[in-house]
file coords_2.json (JSON, C-alpha atoms)
[["chain", "number", "residue", "atom", "x", "y", "z"],
["A", 26, "ALA", "CA", -27.83, 17.14, 2.16],
["A", 27, "VAL", "CA", -26.93, 15.26, 5.39],
["A", 28, "ASN", "CA", -24.61, 12.25, 5.35],
["A", 29, "THR", "CA", -25.41, 9.70, 8.12],
["A", 30, "ARG", "CA", -23.79, 6.65, 6.54],
["A", 31, "SER", "CA", -21.40, 6.27, 9.48],
["A", 32, "CYS", "CA", -24.42, 5.64, 11.70],
["A", 33, "TYR", "CA", -25.56, 2.51, 9.87],
["A", 34, "GLY", "CA", -25.30, -0.60, 12.06],
["A", 35, "LEU", "CA", -24.63, 1.40, 15.23],
["A", 36, "HIS", "CA", -24.99, -0.53, 18.53],
["A", 37, "VAL", "CA", -26.34, 0.67, 21.86],
["A", 38, "GLY", "CA", -23.88, 3.04, 23.53],
["A", 39, "GLN", "CA", -22.00, 3.80, 20.34],
["A", 40, "THR", "CA", -21.65, 7.24, 18.70],
["A", 41, "CYS", "CA", -21.42, 8.27, 15.06],
["A", 42, "THR", "CA", -20.81, 11.53, 13.21],
["A", 43, "ALA", "CA", -23.29, 13.13, 10.82],
["A", 44, "THR", "CA", -21.77, 15.38, 8.18],
["A", 45, "CYS", "CA", -22.88, 17.43, 5.19],
["A", 46, "GLU", "CA", -22.91, 15.81, 1.78],
["A", 47, "ALA", "CA", -20.38, 16.91, -0.83],
["A", 48, "GLY", "CA", -21.43, 20.26, -2.24],
["A", 49, "TYR", "CA", -22.83, 21.46, 1.09],
["A", 50, "ARG", "CA", -21.22, 23.20, 4.05],
["A", 51, "GLY", "CA", -21.90, 22.86, 7.76],
["A", 52, "LEU", "CA", -20.38, 21.69, 11.03],
["A", 53, "PRO", "CA", -20.59, 17.93, 11.77],
["A", 54, "THR", "CA", -22.64, 16.70, 14.75],
["A", 55, "ASN", "CA", -22.46, 13.62, 16.98],
["A", 56, "ILE", "CA", -25.33, 11.15, 17.18],
["A", 57, "SER", "CA", -25.53, 8.36, 19.79],
["A", 58, "CYS", "CA", -27.56, 5.16, 20.10],
["A", 59, "GLY", "CA", -29.32, 5.05, 23.47],
["A", 60, "ARG", "CA", -30.22, 2.00, 25.56],
["A", 61, "ASP", "CA", -33.76, 2.36, 24.27],
["A", 62, "GLU", "CA", -32.29, 1.79, 20.80],
["A", 63, "LEU", "CA", -33.21, 5.30, 19.70],
["A", 64, "PHE", "CA", -30.82, 7.83, 18.16],
["A", 65, "ARG", "CA", -30.09, 10.98, 20.10],
["A", 66, "GLY", "CA", -28.54, 14.12, 18.70],
["A", 67, "SER", "CA", -29.23, 16.69, 16.01],
["A", 68, "ALA", "CA", -28.45, 16.74, 12.32],
["A", 69, "PRO", "CA", -25.95, 19.29, 11.04],
["A", 70, "SER", "CA", -27.21, 22.48, 9.41],
["A", 71, "CYS", "CA", -26.06, 22.18, 5.82],
["A", 72, "GLU", "CA", -26.06, 25.04, 3.31],
["A", 73, "PRO", "CA", -25.48, 24.60, -0.44],
["A", 74, "GLN", "CA", -21.94, 25.48, -1.43],
["A", 75, "VAL", "CA", -21.51, 28.53, -3.70],
["A", 76, "CYS", "CA", -19.60, 28.05, -6.96],
["A", 77, "GLU", "CA", -16.94, 30.62, -7.75],
["A", 78, "ILE", "CA", -16.56, 32.03, -11.26],
["A", 79, "PRO", "CA", -13.38, 30.41, -12.71],
["A", 80, "ALA", "CA", -10.63, 32.65, -14.08],
["A", 81, "GLU", "CA", -11.17, 31.46, -17.64],
["A", 82, "LEU", "CA", -14.78, 32.75, -17.51],
["A", 83, "GLN", "CA", -13.60, 36.15, -16.31],
["A", 84, "GLN", "CA", -12.01, 36.98, -19.66],
["A", 85, "PRO", "CA", -13.49, 40.06, -21.42],
["A", 86, "LYS", "CA", -14.96, 37.91, -24.19],
["A", 87, "PHE", "CA", -17.25, 36.14, -21.68],
["A", 88, "ASN", "CA", -20.12, 37.42, -19.54],
["A", 89, "ALA", "CA", -20.88, 35.15, -16.58],
["A", 90, "GLU", "CA", -22.76, 37.64, -14.38],
["A", 91, "LEU", "CA", -25.80, 35.32, -14.30],
["A", 92, "CYS", "CA", -23.62, 32.72, -12.55],
["A", 93, "ASN", "CA", -22.62, 34.97, -9.65],
["A", 94, "GLY", "CA", -23.65, 33.38, -6.33],
["A", 95, "ILE", "CA", -24.97, 30.19, -7.93],
["A", 96, "LYS", "CA", -25.22, 27.28, -5.48],
["A", 97, "GLN", "CA", -24.87, 23.50, -5.53],
["A", 98, "GLY", "CA", -27.10, 21.80, -8.10],
["A", 99, "ALA", "CA", -28.27, 25.02, -9.78],
["A", 100, "MET", "CA", -27.72, 25.99, -13.41],
["A", 101, "CYS", "CA", -26.80, 29.27, -15.07],
["A", 102, "VAL", "CA", -26.10, 30.67, -18.51],
["A", 103, "ALA", "CA", -22.80, 32.25, -19.61],
["A", 104, "ARG", "CA", -22.90, 34.58, -22.61],
["A", 105, "CYS", "CA", -20.48, 36.45, -24.84],
["A", 106, "GLY", "CA", -19.10, 39.70, -23.47],
["A", 107, "LYS", "CA", -19.57, 43.14, -24.99],
["A", 108, "GLY", "CA", -17.85, 43.33, -28.33],
["A", 109, "TYR", "CA", -18.09, 39.58, -28.95],
["A", 110, "VAL", "CA", -20.66, 37.40, -30.69],
["A", 111, "GLY", "CA", -21.35, 33.66, -30.55],
["A", 112, "GLU", "CA", -23.16, 30.90, -28.70],
["A", 113, "LEU", "CA", -24.10, 30.96, -25.02],
["A", 114, "ALA", "CA", -23.41, 27.99, -22.73],
["A", 115, "LYS", "CA", -25.28, 26.34, -19.85],
["A", 116, "LEU", "CA", -23.24, 25.60, -16.72],
["A", 117, "THR", "CA", -24.01, 23.57, -13.59],
["A", 118, "CYS", "CA", -22.71, 24.20, -10.08],
["A", 119, "ASN", "CA", -21.29, 20.98, -8.64],
["A", 120, "LEU", "CA", -18.96, 20.57, -5.66],
["A", 121, "GLY", "CA", -17.93, 24.22, -5.78],
["A", 122, "GLN", "CA", -17.14, 24.23, -9.49],
["A", 123, "LEU", "CA", -19.01, 25.38, -12.57],
["A", 124, "LEU", "CA", -19.15, 22.49, -15.02],
["A", 125, "GLY", "CA", -19.85, 22.67, -18.74],
["A", 126, "ARG", "CA", -18.30, 24.03, -21.90],
["A", 127, "LEU", "CA", -17.38, 27.69, -22.31],
["A", 128, "PRO", "CA", -19.38, 29.96, -24.63],
["A", 129, "ARG", "CA", -18.06, 30.08, -28.19],
["A", 130, "CYS", "CA", -17.30, 33.76, -28.73],
["A", 131, "GLU", "CA", -15.55, 35.64, -31.52],
["A", 132, "PRO", "CA", -14.60, 39.34, -31.66],
["A", 133, "ARG", "CA", -17.25, 41.50, -33.28],
["A", 134, "ALA", "CA", -16.38, 43.13, -36.62],
["A", 135, "CYS", "CA", -16.28, 46.93, -36.71],
["A", 136, "ASN", "CA", -18.61, 48.49, -39.28],
["A", 137, "MET", "CA", -19.09, 52.03, -37.99],
["A", 138, "GLY", "CA", -16.90, 55.12, -37.95],
["A", 139, "GLN", "CA", -14.17, 53.90, -40.30],
["A", 140, "PRO", "CA", -11.68, 56.77, -40.72],
["A", 141, "TRP", "CA", -12.19, 58.83, -43.87],
["A", 142, "GLY", "CA", -11.23, 62.16, -45.34],
["A", 143, "MET", "CA", -9.70, 63.84, -48.37],
["A", 144, "ALA", "CA", -6.86, 61.71, -49.76],
["A", 145, "LEU", "CA", -7.10, 59.43, -46.72],
["A", 146, "ASN", "CA", -6.59, 55.70, -47.23],
["A", 147, "SER", "CA", -8.01, 53.54, -44.43],
["A", 148, "SER", "CA", -8.27, 50.25, -46.34],
["A", 149, "THR", "CA", -6.25, 48.44, -43.64],
["A", 150, "CYS", "CA", -9.22, 48.94, -41.29],
["A", 151, "LEU", "CA", -11.51, 46.68, -43.32],
["A", 152, "GLY", "CA", -12.42, 43.49, -41.45],
["A", 153, "LYS", "CA", -10.94, 44.61, -38.12],
["A", 154, "ARG", "CA", -12.57, 43.17, -35.00],
["A", 155, "THR", "CA", -12.89, 44.14, -31.35],
["A", 156, "GLY", "CA", -9.52, 45.12, -29.87],
["A", 157, "GLU", "CA", -7.67, 45.19, -33.21],
["A", 158, "SER", "CA", -6.00, 48.34, -34.54],
["A", 159, "CYS", "CA", -5.32, 49.70, -37.99],
["A", 160, "GLU", "CA", -3.34, 52.56, -39.48],
["A", 161, "SER", "CA", -4.59, 55.06, -42.04],
["A", 162, "HIS", "CA", -2.26, 56.96, -44.35],
["A", 163, "CYS", "CA", -2.38, 59.71, -46.91],
["A", 164, "GLY", "CA", -2.37, 58.97, -50.61],
["A", 165, "ARG", "CA", 0.46, 59.69, -53.03],
["A", 166, "GLY", "CA", 1.21, 63.38, -53.32],
["A", 167, "TYR", "CA", 0.01, 64.11, -49.79],
["A", 168, "ARG", "CA", 1.69, 64.20, -46.41],
["A", 169, "GLY", "CA", -0.07, 63.40, -43.16],
["A", 170, "ILE", "CA", -0.09, 65.28, -39.87],
["A", 171, "GLY", "CA", -1.68, 63.85, -36.73],
["A", 172, "ASN", "CA", -2.55, 60.53, -35.13],
["A", 173, "HIS", "CA", -3.14, 57.76, -37.71],
["A", 174, "THR", "CA", -3.95, 54.73, -35.50],
["A", 175, "SER", "CA", -7.56, 53.67, -34.88],
["A", 176, "THR", "CA", -8.87, 50.82, -32.70],
["A", 177, "CYS", "CA", -12.02, 48.74, -33.13],
["A", 178, "MET", "CA", -14.12, 49.18, -29.98],
["A", 179, "SER", "CA", -16.62, 46.81, -28.38],
["A", 180, "ASP", "CA", -19.63, 48.75, -29.74],
["A", 181, "GLY", "CA", -18.57, 48.04, -33.34],
["A", 182, "SER", "CA", -17.09, 51.48, -34.06],
["A", 183, "PHE", "CA", -13.55, 52.79, -34.59],
["A", 184, "THR", "CA", -11.84, 55.32, -32.36],
["A", 185, "ALA", "CA", -11.46, 58.68, -34.08],
["A", 186, "ILE", "CA", -8.19, 59.89, -35.59],
["A", 187, "ASP", "CA", -7.08, 63.45, -36.29],
["A", 188, "LEU", "CA", -4.89, 62.68, -39.31],
["A", 189, "LYS", "CA", -5.02, 65.47, -41.91],
["A", 190, "CYS", "CA", -3.65, 65.09, -45.43],
["A", 191, "HIS", "CA", -1.92, 68.09, -47.01],
["A", 192, "GLU", "CA", -0.75, 68.39, -50.60],
["A", 193, "ARG", "CA", 3.01, 68.15, -50.97],
["A", 194, "ARG", "CA", 5.02, 70.91, -52.64],
["A", 195, "CYS", "CA", 6.98, 69.91, -55.73],
["A", 196, "GLY", "CA", 10.13, 71.92, -54.99],
["A", 197, "SER", "CA", 12.37, 73.63, -57.57],
["A", 198, "LEU", "CA", 12.34, 72.75, -61.28],
["A", 199, "SER", "CA", 16.11, 73.29, -61.40],
["A", 200, "SER", "CA", 16.53, 70.03, -59.44],
["A", 201, "HIS", "CA", 14.84, 68.06, -62.23],
["A", 202, "GLU", "CA", 17.35, 65.91, -64.13],
["A", 203, "SER", "CA", 16.12, 67.16, -67.53],
["A", 204, "TYR", "CA", 15.81, 70.78, -66.52],
["A", 205, "TYR", "CA", 18.71, 72.07, -68.64],
["A", 206, "GLU", "CA", 17.58, 70.12, -71.68],
["A", 207, "ILE", "CA", 13.96, 71.15, -71.52],
["A", 208, "PHE", "CA", 14.18, 74.72, -70.24],
["A", 209, "GLN", "CA", 17.34, 76.06, -72.04],
["A", 210, "ASP", "CA", 15.24, 78.32, -74.24],
["A", 211, "PRO", "CA", 15.76, 81.82, -72.77],
["A", 212, "SER", "CA", 12.27, 82.73, -73.90],
["A", 213, "LEU", "CA", 10.85, 80.34, -71.25],
["A", 214, "ASN", "CA", 10.26, 81.55, -67.73],
["A", 215, "SER", "CA", 9.80, 78.64, -65.31],
["A", 216, "SER", "CA", 10.39, 80.53, -62.06],
["A", 217, "SER", "CA", 6.68, 80.68, -61.34],
["A", 218, "CYS", "CA", 6.58, 76.86, -61.17],
["A", 219, "ASN", "CA", 8.98, 76.58, -58.25],
["A", 220, "GLY", "CA", 7.19, 75.37, -55.15],
["A", 221, "THR", "CA", 3.89, 74.73, -56.90],
["A", 222, "LEU", "CA", 1.58, 72.03, -55.60]]
call {"tool": "encode", "arguments": {"input": "coords_2.json", "output": "structure tokens"}}
result
Amino acid sequence: AVNTRSCYGLHVGQTCTATCEAGYRGLPTNISCGRDELFRGSAPSCEPQVCEIPAELQQPKFNAELCNGIKQGAMCVARCGKGYVGELAKLTCNLGQLLGRLPRCEPRACNMGQPWGMALNSSTCLGKRTGESCESHCGRGYRGIGNHTSTCMSDGSFTAIDLKCHERRCGSLSSHESYYEIFQDPSLNSSSCNGTL
């Protein structure tokens, strides 16, 4: 870890500087060549340089906790983050940087807790993956009340919704375009149909 190349070929009375090799940290020291043709001085104290986790590996889809504090020449494994699946990757610490390809990670598909209920249609939630949202709605003849948006979470389940589907009322028969043709017979009483479900 010590670089003494500047001391090669040194003559009596001359001084050179010893430094740390690339990838190591430490203060340089001076070494001199004495009249007895022996070197005098001490070598620098060199510590392996720590590699920082790059920003691209700090994305939620990656998990690089095993690379925290890794030092020069060491290797570590980066995995997929929670809610993602794929291949891990081996990285090497060199000159303060982690070298190697990133893990190949894809969002995990949600297969638990898909919204359901009477007259509830949540077909748009099929195939949703981590972080994606979908909207449920009530079927024909029903009206919905409540939150209808659900999100696919990292554990493979959907967030709950409180959407309730209620049957719609049909209104008054007198508003029907054929009312006077169909119900002109005075013997018919259609008043009980107004507002039926």
call {"tool": "atom_distance", "arguments": {"input": "coords_2.json", "atom1": "CA of Leu116 (chain A)", "atom2": "CA of Ala26 (chain A)"}}
result
21.2 Å
call {"tool": "atom_distance", "arguments": {"input": "coords_2.json", "atom1": "CA of Gly156 (chain A)", "atom2": "CA of Ile170 (chain A)"}}
result
24.4 Å
call {"tool": "residues_around", "arguments": {"input": "coords_2.json", "residues": "Ala47 (chain A)", "least_positions_apart": "3", "cutoff": "9 Å", "atoms": "only C-alpha atoms", "output": "mmCIF file with C-alpha atoms, in the coordinates of the input"}}
result
data_model
loop_
_atom_site.group_PDB
_atom_site.id
_atom_site.type_symbol
_atom_site.label_atom_id
_atom_site.label_comp_id
_atom_site.auth_asym_id
_atom_site.auth_seq_id
_atom_site.Cartn_x
_atom_site.Cartn_y
_atom_site.Cartn_z
ATOM 1 C CA ALA A 26 -27.830 17.140 2.160
ATOM 2 C CA ASN A 28 -24.610 12.250 5.350
ATOM 3 C CA ARG A 50 -21.220 23.200 4.050
ATOM 4 C CA GLN A 74 -21.940 25.480 -1.430
ATOM 5 C CA ASN A 119 -21.290 20.980 -8.640
ATOM 6 C CA LEU A 120 -18.960 20.570 -5.660
#
call {"tool": "residues_near_point", "arguments": {"input": "coords_2.json", "point": "(-33.4, 30.7, -15.6)", "cutoff": "12 Å", "atoms": "all atoms listed in the file", "output": "NGL selection string"}}
result
:A and (91-92 or 95 or 99-103 or 115-117)
call {"tool": "residues_near_point", "arguments": {"input": "coords_2.json", "point": "(-27.7, 11.3, 18.4)", "cutoff": "8 Å", "atoms": "all atoms listed in the file", "output": "PyMOL selection string"}}
result
chain A and resi 40-41+55-58+64-67
call {"tool": "write_last_selection", "arguments": {"input": "coords_2.json", "atoms": "C-alpha atoms", "output": "PDB file, in the frame of the given file"}}
result
ATOM      1  CA  THR A  40     -21.650   7.240  18.700  1.00  0.00           C
ATOM      2  CA  CYS A  41     -21.420   8.270  15.060  1.00  0.00           C
ATOM      3  CA  ASN A  55     -22.460  13.620  16.980  1.00  0.00           C
ATOM      4  CA  ILE A  56     -25.330  11.150  17.180  1.00  0.00           C
ATOM      5  CA  SER A  57     -25.530   8.360  19.790  1.00  0.00           C
ATOM      6  CA  CYS A  58     -27.560   5.160  20.100  1.00  0.00           C
ATOM      7  CA  PHE A  64     -30.820   7.830  18.160  1.00  0.00           C
ATOM      8  CA  ARG A  65     -30.090  10.980  20.100  1.00  0.00           C
ATOM      9  CA  GLY A  66     -28.540  14.120  18.700  1.00  0.00           C
ATOM     10  CA  SER A  67     -29.230  16.690  16.010  1.00  0.00           C
TER      11      SER A  67
END
call {"tool": "closest_residue", "arguments": {"input": "coords_2.json", "among": "A:Cys159, A:Met137, A:Leu113, A:Leu127", "to": "Pro79 (chain A)", "atoms": "all atoms listed in the file"}}
result
A:Leu127
call {"tool": "residues_around", "arguments": {"input": "coords_2.json", "residues": "Pro128 (chain A)", "least_positions_apart": "2", "cutoff": "12 Å", "atoms": "only C-alpha atoms", "output": "ChimeraX atom specification"}}
result
/A:81-84,86-89,102-106,109-116,125-126,130-131
call {"tool": "atom_distance", "arguments": {"input": "coords_2.json", "atom1": "CA of His191 (chain A)", "atom2": "CA of Gly169 (chain A)"}}
result
6.3 Å
call {"tool": "residues_around", "arguments": {"input": "coords_2.json", "residues": "Cys135 (chain A)", "least_positions_apart": "6", "cutoff": "9 Å", "atoms": "all atoms listed in the file", "output": "short mmCIF file (atom, residue, chain, number, x, y, z; two decimals) with C-alpha atoms, in the frame of the given file"}}
result
data_model
loop_
_atom_site.label_atom_id
_atom_site.label_comp_id
_atom_site.auth_asym_id
_atom_site.auth_seq_id
_atom_site.Cartn_x
_atom_site.Cartn_y
_atom_site.Cartn_z
CA CYS A 150 -9.22 48.94 -41.29
CA LEU A 151 -11.51 46.68 -43.32
CA GLY A 152 -12.42 43.49 -41.45
CA LYS A 153 -10.94 44.61 -38.12
CA ARG A 154 -12.57 43.17 -35.00
CA THR A 155 -12.89 44.14 -31.35
CA CYS A 177 -12.02 48.74 -33.13
CA MET A 178 -14.12 49.18 -29.98
CA SER A 179 -16.62 46.81 -28.38
CA ASP A 180 -19.63 48.75 -29.74
CA GLY A 181 -18.57 48.04 -33.34
CA SER A 182 -17.09 51.48 -34.06
CA PHE A 183 -13.55 52.79 -34.59
#
call {"tool": "residues_around", "arguments": {"input": "coords_2.json", "residues": "Tyr49 (chain A)", "least_positions_apart": "6", "cutoff": "12 Å", "atoms": "all atoms listed in the file", "output": "ChimeraX atom specification"}}
result
/A:26-28,69-76,96-98,118-121
call {"tool": "build_atoms", "arguments": {"input": "coords_2.json", "residues": "region 180-191 of chain A", "atoms": "all heavy atoms", "output": "mmCIF file, in the coordinates of the input"}}
result
data_model
loop_
_atom_site.group_PDB
_atom_site.id
_atom_site.type_symbol
_atom_site.label_atom_id
_atom_site.label_comp_id
_atom_site.auth_asym_id
_atom_site.auth_seq_id
_atom_site.Cartn_x
_atom_site.Cartn_y
_atom_site.Cartn_z
ATOM 1 N N ASP A 180 -18.305 48.397 -29.211
ATOM 2 C CA ASP A 180 -19.630 48.750 -29.740
ATOM 3 C C ASP A 180 -19.680 48.682 -31.266
ATOM 4 O O ASP A 180 -20.679 49.059 -31.879
ATOM 5 C CB ASP A 180 -20.053 50.139 -29.263
ATOM 6 C CG ASP A 180 -19.129 51.254 -29.772
ATOM 7 O OD1 ASP A 180 -18.110 50.939 -30.436
ATOM 8 O OD2 ASP A 180 -19.416 52.430 -29.493
ATOM 9 N N GLY A 181 -18.581 48.200 -31.888
ATOM 10 C CA GLY A 181 -18.570 48.040 -33.340
ATOM 11 C C GLY A 181 -18.113 49.269 -34.098
ATOM 12 O O GLY A 181 -18.231 49.326 -35.327
ATOM 13 N N SER A 182 -17.566 50.260 -33.398
ATOM 14 C CA SER A 182 -17.090 51.480 -34.060
ATOM 15 C C SER A 182 -15.590 51.656 -33.842
ATOM 16 O O SER A 182 -15.010 51.061 -32.932
ATOM 17 C CB SER A 182 -17.839 52.700 -33.536
ATOM 18 O OG SER A 182 -17.522 52.925 -32.173
ATOM 19 N N PHE A 183 -14.984 52.490 -34.686
ATOM 20 C CA PHE A 183 -13.550 52.790 -34.590
ATOM 21 C C PHE A 183 -13.333 54.046 -33.754
ATOM 22 O O PHE A 183 -14.150 54.971 -33.761
ATOM 23 C CB PHE A 183 -12.950 53.007 -35.975
ATOM 24 C CG PHE A 183 -12.773 51.754 -36.776
ATOM 25 C CD1 PHE A 183 -13.729 51.372 -37.713
ATOM 26 C CD2 PHE A 183 -11.653 50.963 -36.607
ATOM 27 C CE1 PHE A 183 -13.565 50.220 -38.462
ATOM 28 C CE2 PHE A 183 -11.483 49.808 -37.355
ATOM 29 C CZ PHE A 183 -12.442 49.429 -38.282
ATOM 30 N N THR A 184 -12.226 54.095 -33.038
ATOM 31 C CA THR A 184 -11.840 55.320 -32.360
ATOM 32 C C THR A 184 -11.459 56.353 -33.422
ATOM 33 O O THR A 184 -10.954 56.007 -34.495
ATOM 34 C CB THR A 184 -10.650 55.095 -31.417
ATOM 35 O OG1 THR A 184 -9.558 54.510 -32.153
ATOM 36 C CG2 THR A 184 -11.030 54.148 -30.284
ATOM 37 N N ALA A 185 -11.709 57.618 -33.118
ATOM 38 C CA ALA A 185 -11.460 58.680 -34.080
ATOM 39 C C ALA A 185 -9.961 58.976 -34.204
ATOM 40 O O ALA A 185 -9.184 58.752 -33.274
ATOM 41 C CB ALA A 185 -12.213 59.939 -33.671
ATOM 42 N N ILE A 186 -9.569 59.440 -35.377
ATOM 43 C CA ILE A 186 -8.190 59.890 -35.590
ATOM 44 C C ILE A 186 -8.241 61.349 -36.022
ATOM 45 O O ILE A 186 -9.280 61.849 -36.470
ATOM 46 C CB ILE A 186 -7.470 59.044 -36.656
ATOM 47 C CG1 ILE A 186 -8.185 59.156 -38.008
ATOM 48 C CG2 ILE A 186 -7.356 57.596 -36.232
ATOM 49 C CD1 ILE A 186 -7.439 58.482 -39.147
ATOM 50 N N ASP A 187 -7.113 62.046 -35.876
ATOM 51 C CA ASP A 187 -7.080 63.450 -36.290
ATOM 52 C C ASP A 187 -6.081 63.667 -37.428
ATOM 53 O O ASP A 187 -5.529 64.750 -37.604
ATOM 54 C CB ASP A 187 -6.742 64.356 -35.109
ATOM 55 C CG ASP A 187 -5.395 64.011 -34.465
ATOM 56 O OD1 ASP A 187 -4.688 63.119 -34.998
ATOM 57 O OD2 ASP A 187 -5.040 64.629 -33.445
ATOM 58 N N LEU A 188 -5.834 62.599 -38.199
ATOM 59 C CA LEU A 188 -4.890 62.680 -39.310
ATOM 60 C C LEU A 188 -5.446 63.594 -40.411
ATOM 61 O O LEU A 188 -6.575 63.403 -40.872
ATOM 62 C CB LEU A 188 -4.622 61.287 -39.873
ATOM 63 C CG LEU A 188 -3.678 61.199 -41.071
ATOM 64 C CD1 LEU A 188 -2.271 61.633 -40.667
ATOM 65 C CD2 LEU A 188 -3.641 59.775 -41.621
ATOM 66 N N LYS A 189 -4.666 64.573 -40.820
ATOM 67 C CA LYS A 189 -5.020 65.470 -41.910
ATOM 68 C C LYS A 189 -4.013 65.309 -43.040
ATOM 69 O O LYS A 189 -2.804 65.218 -42.793
ATOM 70 C CB LYS A 189 -5.035 66.929 -41.443
ATOM 71 C CG LYS A 189 -5.972 67.195 -40.260
ATOM 72 C CD LYS A 189 -7.423 66.952 -40.617
ATOM 73 C CE LYS A 189 -8.335 67.267 -39.446
ATOM 74 N NZ LYS A 189 -9.745 66.945 -39.713
ATOM 75 N N CYS A 190 -4.519 65.257 -44.264
ATOM 76 C CA CYS A 190 -3.650 65.090 -45.430
ATOM 77 C C CYS A 190 -3.485 66.416 -46.148
ATOM 78 O O CYS A 190 -4.480 67.060 -46.519
ATOM 79 C CB CYS A 190 -4.232 64.042 -46.375
ATOM 80 S SG CYS A 190 -4.333 62.383 -45.657
ATOM 81 N N HIS A 191 -2.241 66.819 -46.333
ATOM 82 C CA HIS A 191 -1.920 68.090 -47.010
ATOM 83 C C HIS A 191 -1.148 67.795 -48.278
ATOM 84 O O HIS A 191 -0.283 66.920 -48.304
ATOM 85 C CB HIS A 191 -1.102 68.988 -46.076
ATOM 86 C CG HIS A 191 -1.785 69.310 -44.784
ATOM 87 N ND1 HIS A 191 -2.655 70.364 -44.644
ATOM 88 C CD2 HIS A 191 -1.748 68.676 -43.574
ATOM 89 C CE1 HIS A 191 -3.119 70.391 -43.396
ATOM 90 N NE2 HIS A 191 -2.582 69.380 -42.719
#
